[in-house]
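*Asks:* Just dropping this structure here.
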Amino acid sequence: MVSTVPPGPRTEAPAAEAPAAGVQGHPYEPQADRSSPNRNLTPISTSLDAEGRLAVGGCRLSELARTYGTPLYVLDEATLRATCRAYREALEASYPGPSLALYASKANSSLAISALVAEEGLGLDAVSAGELLTALRGGMPAERIVLHGNNKSREEIELAVNQGVTVVVDNARDLELLAEIAPGRPAPVRLLLRFTPGIECHTHEYIRTGHLDSKFGFDPDRLEPVLRQLAQCPWAWLDGLHAHIGSQIFELEPHRDLAGVMADALALARSLGHPCSDLNVGGGLGIRYVASDDPPSIQEWVSVVAEAVAEACRQRNLALPRLLCEPGRSLVATAGVTLYAVGSRKEIAGLRTYVAIDGGMSDNPRPITYQSPYTALLADRPTAAATETVTVAGKHCESGDLLLKDIALPATASGDVLAVFATGAYNASMSSNYNRIPRPAAVLVHDGIAEVVQRREQPEDLLRYDVIPARFSPVPSAGATV
Ligand SMILES: *Cc1c(COP(=O)(O)O)cnc(C)c1O
């Protein structure tokens with residue numbers, strides 16, 4: 001699992017052949033794909049310093065660990081901007097109509113990422129009041145935001161409508177709430193309609209959404225009655241249709257099939273009088289977590305989707321809609337590296353050696369949730385030969401809290417800094433305070449400068465919302481501090 005094997009064949013796109021300046025000399029990514037960072041194990045700015053220690057964004061990782069503490073989320077600005085540009089430019093190059101990529105912010109929601117994505121000209125998808133507020137306060141224009149969710153609260157819908165954010169209608173309850181909130185406003189509310197396209201794809205059961213047995217969106221059988229109902233609502237303006245088939249998908253075929261299903265739905269919606277100028281095909285492009293992963297490039301994914309949508313519309317004589325897509329994982333995952341300090345060690349003769357780090361399932365719940373594999377290197381000895389096979393364990397009271405199972409590593413000592421790659425998506429955003437462990441800080445690195453974009457939680461923060469009933473008698477240690 002450790003990336004001692006060079007990655008597999010790269011995309012045929014000529015732009016991808018150029019090695020990134022920042023990674024020259026990095027033995028693990030000799031041909032980093034700067035044009036499609038989802039295909040690399042490490043951030044595109046990864047390099048080795050003169051002593052052979054790992055650096056990202058020009059910042060030595062062990063130095064970041066020392067300065068900001070561990071666990072630490074490191075985000076590479078160059079990778080984030082490169083993926084934003086890859087989506088934008090690929091859409092412009094391969095789709096003949098207007099287009100917009102919306103960042104699926106559930107992958108990693110923060111003010112800084114919202115601001116960066118907004119600056120790169122992308123839009124954003126939010127699924128809660130919290131993500132919506134983060135996007136708006138981060139400077140994302142409301143007209144480039146959509147609000148998703150299979151059980152939106154009245155407050156969430158009100159916030160979206162008041163701010164001019166497009167609401168993705170997922171179910172009949174959304175319509176009931178909108179019918180109470182929207183009438184009487186100066187302008188109709190902008191809506192997308194989400195339906196389940198009935199497309200199967202090969203990914204983990206928990207992150208599959210396009211098959212018929214999914215909790216998201218209207219069943220295809222409900223599409224026509226709902227479109228007819230909406231046509232009777234003067235307060236509603238149906239901007240378009242939405243579908244999303246799942247996540248961490250390496251196949252292109254399901255996305256091609258989706259275009260035909262969505263074009264049929266578009267034809268139906270327009271025949272019933274809806275403007276439907278937008279077609280939102282969701283996200284789902286996979287990334288490389290381990291050397292054996294071989295996801296398509298952003299350019300391949302976008303061109304397949306764009307050409308399939310354009311062709312499906314041509315066949316049905318439909319005016320080209322604006323093409324929207326919602327990349328989450330592929331936009332941010334490989335920009336992220338998590339740094340941990342190695343601590344205790346347990347050798348069970350003839351069975352297994354556990355090396356424990358100072359984080360685990362609270363900062364990265366993906367291994368325990370989806371059995372997801374990762375790639376890791378020692379920050380200061382990335383090129384040292386692996387001499388043992390160990391299991392990297394988290395510090396939580398849960399036997400399944402194992403970050404990396406059976407990986408080959410050089411001998412480690414407590415205090416060594418371990419760098420785990422491709423943690424930019426679904427790590428911070430799925431983190432918890434299990435065992436009352438504070439969440440890590442996040443730093444954005446760029447050109448040798450590190451900036452804190454999320455401050456480290458403190459144990460005191462975790463007590464902030466606790467209340468002891470006044471009738472309990474105070475205990476002597478109540479004044480303890482950490
Ligand atoms: C999760 C999600 C996405 C993003 O999926 P990725 O696999 O991270 O690209 C996009 N749209 C919707 C509606 C989602 O739920």
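Labels for the structure tokens follow display order: chains A, B, ..., residues from 1 in each chain, ligands from 1.
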Neighbouring residues of ligand 1 are defined here as those with any atom at most 6 Å from a ligand atom, counting only C-alpha atoms and all ligand atoms; list them as a list in words.

*Replies:*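 My answer, listing the contacting residues, is Ala104, Ala107, His244, Ser247, Gln248, Gly282, Gly283, Gly284, Leu285, Glu326, Pro327, Gly328, Arg329 and Ser330 of chain A.
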
*Asks:* Listing only residues of segment 52-95 of chain A within 9 Å of segment 296-299 of chain A, what is the closest atom pair and its distance in Å (to one decimal) for each, using only C-alpha atoms, sorted by chain and residue number ascending, as JSON lines?

*Replies:*
{"residue": "A:Thr83", "atom": "CA", "partner": "A:Ile298", "partner_atom": "CA", "distance": 8.1}
{"residue": "A:Ala86", "atom": "CA", "partner": "A:Ile298", "partner_atom": "CA", "distance": 6.6}
{"residue": "A:Tyr87", "atom": "CA", "partner": "A:Ile298", "partner_atom": "CA", "distance": 6.5}
{"residue": "A:Glu89", "atom": "CA", "partner": "A:Gln299", "partner_atom": "CA", "distance": 8.6}
{"residue": "A:Ala90", "atom": "CA", "partner": "A:Gln299", "partner_atom": "CA", "distance": 5.4}
{"residue": "A:Leu91", "atom": "CA", "partner": "A:Gln299", "partner_atom": "CA", "distance": 8.3}
{"residue": "A:Ser94", "atom": "CA", "partner": "A:Gln299", "partner_atom": "CA", "distance": 8.7}

*Asks:* Given only C-alpha atoms as the basis, pick out the residue of A:Ala335, A:Leu191, A:Val453, A:Val475 nearest to Ala422 of chain A.

*Replies:*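 Smallest separation from Ala422 of chain A among the options: A:Ala335.
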
*Asks:* Near segment 310-325 of chain A, within 8 Å and counting only C-alpha atoms, which residues show up once chain neighbours fewer than 2 positions away are dropped, as a list in words?

*Replies:*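 Contacts, with the query itself left out: Tyr95, Pro96, Gly97, Pro98, Ser99, Leu100, Ala101, Leu102, Ala259, Gly260, Ala263, Asp264, Ala267, Cys276, Ser277, Asp278, Leu279, Asn280, Val281, Gly282, Gly283, Ala306, Glu307, Ala308 and Pro327 of chain A.
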
*Asks:* Going by DSSP on the backbone, which bits of segment 154-240 of chain A are strand (DSSP E)? Write them as a list in words, please.

*Replies:*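 Strand (DSSP E) assignments inside segment 154-240 of chain A correspond to Thr166, Val167, Val168, Val169, Val189, Arg190, Leu191, Leu192, Leu193, Arg194, Ala236, Trp237, Leu238, Asp239 and Gly240 of chain A.
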
*Asks:* Report, in Å to a single decimal, how far apart atom CA of Leu378 of chain A and atom CA of Ala341 of chain A are.

*Replies:* 9.9 Å

*Asks:* What's around segment 217-223 of chain A at 12 Å? Count only C-alpha atoms, leave out sequence neighbours fewer than 6 positions away in its own chain, and write the answer as a compact mmCIF listing (two decimals) with C-alpha atoms, in the first residue's frame.

*Replies:*
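File produced: part_26.txt:
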# COMPACT_ATOMS: atom_id res chain seq x y z
CA HIS A 148 -29.22 19.86 -1.76
CA GLY A 149 -30.58 17.55 0.92
CA ASN A 150 -33.07 14.72 1.26
CA ASN A 151 -34.58 16.18 4.43
CA VAL A 168 -32.70 21.35 -5.40
CA VAL A 169 -36.14 19.83 -4.86
CA ASP A 170 -35.53 16.28 -3.68
CA ASN A 171 -38.95 15.11 -2.50
CA ALA A 172 -42.59 16.02 -1.86
CA ARG A 173 -41.78 17.46 1.57
CA ASP A 174 -39.47 20.02 -0.05
CA LEU A 175 -42.37 21.06 -2.28
CA LEU A 192 -33.64 22.23 -9.74
CA LEU A 193 -35.48 18.91 -9.59
CA ARG A 194 -33.50 15.87 -8.47
CA PHE A 195 -34.51 12.44 -9.65
CA THR A 196 -33.03 8.95 -9.36
CA PRO A 197 -31.78 8.01 -12.81
CA GLY A 198 -31.77 4.23 -12.21
CA ILE A 199 -28.11 3.80 -13.15
CA THR A 209 -26.91 7.05 -5.18
CA GLY A 210 -28.05 6.58 -8.77
CA HIS A 211 -29.72 3.18 -8.50
CA GLN A 229 -47.58 19.99 -10.30
CA LEU A 230 -44.70 22.49 -10.53
CA LEU A 241 -32.83 18.86 -13.55
CA HIS A 242 -30.31 17.11 -11.35
CA ALA A 243 -29.04 13.56 -10.89
CA HIS A 244 -25.97 12.14 -9.17
CA ILE A 245 -24.97 8.50 -9.53
CA VAL A 261 -31.65 9.47 -19.18
CA MET A 262 -31.35 13.16 -18.28
CA ASP A 264 -35.23 12.35 -21.87
CA ALA A 265 -36.25 14.02 -18.62
CA LEU A 266 -35.27 17.42 -20.04
CA ALA A 267 -37.44 16.84 -23.11
CA LEU A 268 -40.36 15.93 -20.85
CA ALA A 269 -39.88 18.97 -18.60
CA LEU A 272 -44.63 20.66 -19.97

*Asks:* As a ChimeraX atom specification, please: every residue in segment 87-250 of chain A that DSSP puts in alpha helix (DSSP H).

*Replies:* /A:87-94,111-119,129-137,154-163,172-181,220-231

*Asks:* Let me make sure I understand: among A:Ala126, A:Ala179, A:Ala428, A:Cys201, which one has the smallest atom-to-atom distance to Gln232 of chain A if we use only C-alpha atoms?

*Replies:*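 That would be A:Ala179, the residue with the smallest distance to Gln232 of chain A.
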
*Asks:* Name the closest residue to Thr383 of chain A among the candidates A:Thr369, A:Ser47, A:Asn364, A:Ser110; distances are taken between atoms, counting only C-alpha atoms.

*Replies:* A:Ser47

*Asks:* If you measure from atom CA of Ile145 of chain A to atom CA of Glu176 of chain A, what distance in Å do you get, rounded to one decimal?

*Replies:*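 Straight-line distance from atom CA of Ile145 of chain A to atom CA of Glu176 of chain A works out to 21.7 Å.
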
*Asks:* Can you work out which one of A:Ala135, A:Ala413, A:Leu75, A:Val117 has the shortest atom-to-atom distance to Ala425 of chain A, counting only C-alpha atoms?

*Replies:*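 Between A:Ala135, A:Ala413, A:Leu75, A:Val117, the residue approaching Ala425 of chain A most closely is A:Leu75.
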
*Asks:* For a quick check of understanding, using only C-alpha atoms, which of A:Asp401, A:Thr353, A:Tyr73, A:Trp235 has the smallest distance to Ala441 of chain A?

*Replies:*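 The closest residue to Ala441 of chain A is A:Tyr73.
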
*Asks:* Could you give me, as a list in words, the residues within 12 Å of Thr387 of chain A, counting only C-alpha atoms and dropping anything in the same chain fewer than 6 positions from it?

*Replies:*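 So, after excluding close chain neighbours, the residues are Ile407, Ala408, Leu409, Pro410, Ala411 and Thr412 of chain A.
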
*Asks:* What does the distance between atom CA of Pro367 of chain A and atom CA of Gly394 of chain A come to in Å, to one decimal place?

*Replies:* 10.6 Å
